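Heads up: the structure comes next, in structure tokens.
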Amino acid sequence: MRVWFITGASRGFGALIAQEALDAGDAVVATARNPKTVSDKFGNHPNLLAIALDVTDEAQANAAAAQAIKRFGKIDILLNNAGFGLLGAVEEATAAEIEKLYATNVFGLLKVTRAVLPHMRRERSGHVINISSIGGYVSYPGWGVYCSTKFAVEALSEALSTELQPLGVKVTVVEPGFFRTDFLDESSLSISPSAIADYKDTPAGIMRAFAADHNHAQPGDPARLAKAMITLVNDPNPPLRMPFGSDTVAAIETKNANVAKEVVAWRDLAISTDFPADTGATG
């Protein structure tokens, strides 16, 4: 029986993956700001431990990890799922909005990861899964600040993968595209109220209307993603990056092609900044 530790487990991907894990016979430490929402959703399951956790509270993260170890003796899979979005042009986002977003999406992920890793290192096994986004690989107008938090998650995951591999711990960063969850609802999305008129008819302004029109019309099926996550953790050699959704795959392919094209076009200037090779004979 594997033991999952899932943040943001009361709804969305977190709840769906928790249910798939329980159905597979695994144990789940399901965390949420209000653990009653978890208990109400899953009932009195013998393999479920609902714990209160605000990921921005480091002491609470350490206590939650300790509770998980006390109950189940180990943590096999850490799923850093808690997070929310911010919609608005980069200039429109206030300092308070940006700090709140980073407190959850980046610093919260770090606090929980640091709380769990000592237990995984002790066992020389484990799998850290960080939920990123299509916006963690390709940034979009209107989502710049949100995407920057997910770019940070990608960078942390890359480094963690190399750091933890010798210690027997695997790392995967998951990149969902647009899935039909509540992400575009106000429960998961903050929309910057300080709209600047100049942006109204630009891509950033148009994105505000696009997001509202496409809520619950996204192409991705959250239930299929939850099942795919079980396939992912069952594989003995999981990938560093796992894109989910045809839109994410297309975005990655397009960006990779554009970057490769730019490198070719600007290669000579790019490498011209090295010190000249020393071709003179010595002695």
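Going by the structure tokens order, chains are called A, B, ..., each with residues numbered from 1, while ligands are numbered from 1 in the order shown.
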Do a neighbour search on stretch 54-71 of chain A at 7 Å with only C-alpha atoms, toss out local chain neighbours closer than 2 positions, and write the hits as JSON, numbers by chain. {"A": [29, 32, 33, 51, 52, 73, 74, 75, 103, 104, 107, 108, 109, 111, 112, 115, 116]}
Taking the backbone alone, and naming residues the way the document does, which bits of stretch 49-254 of chain A are strand (DSSP E) by DSSP, as number ranges by chain? A: 49-52, 77-80, 85-87, 126-131, 169-176, 189-191, 241-244
Output file for the selection above: N, CA and C atoms, as a compact mmCIF listing (two decimals), in the first residue's frame:
# COMPACT_ATOMS: atom_id res chain seq x y z
N LEU A 49 -6.68 9.95 5.73
CA LEU A 49 -6.41 10.84 6.85
C LEU A 49 -6.56 12.27 6.36
N ALA A 50 -7.59 12.96 6.86
CA ALA A 50 -7.83 14.36 6.48
C ALA A 50 -7.14 15.27 7.49
N ILE A 51 -6.32 16.17 6.98
CA ILE A 51 -5.53 17.05 7.84
C ILE A 51 -5.70 18.50 7.41
N ALA A 52 -5.79 19.38 8.38
CA ALA A 52 -5.83 20.82 8.08
C ALA A 52 -4.45 21.28 7.67
N ILE A 77 4.34 9.19 -1.97
CA ILE A 77 4.08 10.13 -3.07
C ILE A 77 3.62 11.46 -2.48
N LEU A 78 4.33 12.53 -2.80
CA LEU A 78 3.91 13.88 -2.44
C LEU A 78 3.34 14.53 -3.69
N LEU A 79 2.08 14.91 -3.63
CA LEU A 79 1.45 15.61 -4.74
C LEU A 79 1.20 17.05 -4.33
N ASN A 80 2.05 17.94 -4.79
CA ASN A 80 1.89 19.37 -4.53
C ASN A 80 0.89 19.93 -5.53
N GLY A 85 -4.97 30.75 -9.59
CA GLY A 85 -4.55 31.56 -10.72
C GLY A 85 -4.77 33.04 -10.49
N LEU A 86 -4.12 33.83 -11.31
CA LEU A 86 -4.30 35.28 -11.31
C LEU A 86 -4.38 35.74 -12.75
N LEU A 87 -5.49 36.38 -13.11
CA LEU A 87 -5.71 36.84 -14.48
C LEU A 87 -5.60 38.36 -14.54
N GLY A 126 10.66 7.42 -2.85
CA GLY A 126 9.58 8.40 -2.87
C GLY A 126 9.44 9.02 -4.24
N HIS A 127 8.35 9.73 -4.44
CA HIS A 127 8.06 10.38 -5.71
C HIS A 127 7.40 11.72 -5.42
N VAL A 128 8.08 12.79 -5.78
CA VAL A 128 7.53 14.14 -5.63
C VAL A 128 6.90 14.54 -6.96
N ILE A 129 5.62 14.89 -6.92
CA ILE A 129 4.91 15.31 -8.13
C ILE A 129 4.42 16.74 -7.91
N ASN A 130 4.91 17.64 -8.72
CA ASN A 130 4.52 19.04 -8.62
C ASN A 130 3.59 19.41 -9.77
N ILE A 131 2.42 19.92 -9.43
CA ILE A 131 1.47 20.33 -10.47
C ILE A 131 1.86 21.71 -10.99
N VAL A 169 14.86 9.23 -4.70
CA VAL A 169 13.57 9.94 -4.78
C VAL A 169 13.38 10.48 -6.20
N LYS A 170 12.23 10.20 -6.78
CA LYS A 170 11.91 10.65 -8.14
C LYS A 170 11.14 11.96 -8.11
N VAL A 171 11.23 12.71 -9.19
CA VAL A 171 10.50 13.98 -9.29
C VAL A 171 9.86 14.07 -10.67
N THR A 172 8.59 14.46 -10.69
CA THR A 172 7.88 14.71 -11.95
C THR A 172 7.13 16.02 -11.81
N VAL A 173 7.21 16.85 -12.84
CA VAL A 173 6.39 18.06 -12.89
C VAL A 173 5.29 17.82 -13.93
N VAL A 174 4.05 17.98 -13.50
CA VAL A 174 2.89 17.71 -14.35
C VAL A 174 2.38 19.02 -14.95
N GLU A 175 2.16 18.99 -16.26
CA GLU A 175 1.76 20.20 -16.98
C GLU A 175 0.40 20.02 -17.64
N PRO A 176 -0.68 20.26 -16.89
CA PRO A 176 -2.01 20.16 -17.51
C PRO A 176 -2.28 21.35 -18.43
N LEU A 189 -9.61 31.24 -9.08
CA LEU A 189 -9.00 32.25 -9.93
C LEU A 189 -9.26 33.64 -9.37
N SER A 190 -8.18 34.38 -9.22
CA SER A 190 -8.28 35.79 -8.82
C SER A 190 -8.11 36.64 -10.07
N ILE A 191 -9.01 37.57 -10.28
CA ILE A 191 -8.93 38.46 -11.44
C ILE A 191 -8.57 39.85 -10.95
N ARG A 241 9.09 15.56 -16.96
CA ARG A 241 7.94 16.38 -17.35
C ARG A 241 6.85 15.48 -17.91
N MET A 242 5.61 15.71 -17.45
CA MET A 242 4.47 14.96 -17.97
C MET A 242 3.39 15.94 -18.41
N PRO A 243 3.33 16.26 -19.72
CA PRO A 243 2.27 17.13 -20.22
C PRO A 243 0.97 16.35 -20.34
N PHE A 244 -0.13 16.98 -19.97
CA PHE A 244 -1.44 16.36 -20.12
C PHE A 244 -2.33 17.28 -20.95
From the list A:Gly245, A:Cys147, A:Ile6, A:Tyr199, which residue is nearest A:Ala228 when using only C-alpha atoms?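 So, comparing all the options, the nearest one is A:Gly245.
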Can you work out the spacing between atom CA of A:Pro203 and atom CA of A:Ala89 in Å, to one decimal?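 That distance, rounded to one decimal, is 9.1 Å.
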Here is a test: counting only C-alpha atoms, which residue of A:Gly88, A:Asn105, A:Thr254, A:Leu164 is nearest to A:Ile206?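 Going through A:Gly88, A:Asn105, A:Thr254, A:Leu164 one by one, the smallest distance to A:Ile206 is for A:Gly88.
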Check the smallest atom-to-atom distance from each of A:Ala265, A:Val153, A:Ala260, A:Ala204 to A:Ser133 using only C-alpha atoms, then report the winner.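 Closest to A:Ser133 of all the choices is A:Val153.
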Option closest in space to A:Ile98, from A:Ser10, A:Asn81, A:Ser192, A:Thr162 [counting only C-alpha atoms]: A:Ser192
At what distance in Å, to one decimal, does atom CA of A:Leu110 lie from atom CA of A:Gln165?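 Between atom CA of A:Gln165 and atom CA of A:Leu110 the gap is 18.0 Å.
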Running DSSP on the backbone, which parts of stretch 77-275 of chain A land in alpha helix (DSSP H), as a PyMOL selection string? chain A and resi 95-102+109-123+144-164+203-213+222-234+246-271
So how many Å separate atom CA of A:Asn34 and atom CA of A:Leu53, to one decimal?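 If I compute the distance from atom CA of A:Asn34 to atom CA of A:Leu53, I get 7.6 Å.
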With only C-alpha atoms as the atoms that count, which of A:Phe210, A:Pro222, A:Ser161, A:Thr31 lies nearest to A:Pro238? A:Ser161
I need the residue nearest A:Ala195 from this list: A:Phe42, A:Ala30, A:Thr94, A:Phe5. Use only C-alpha atoms for the distance.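 Distance minimum relative to A:Ala195 lands on A:Thr94.
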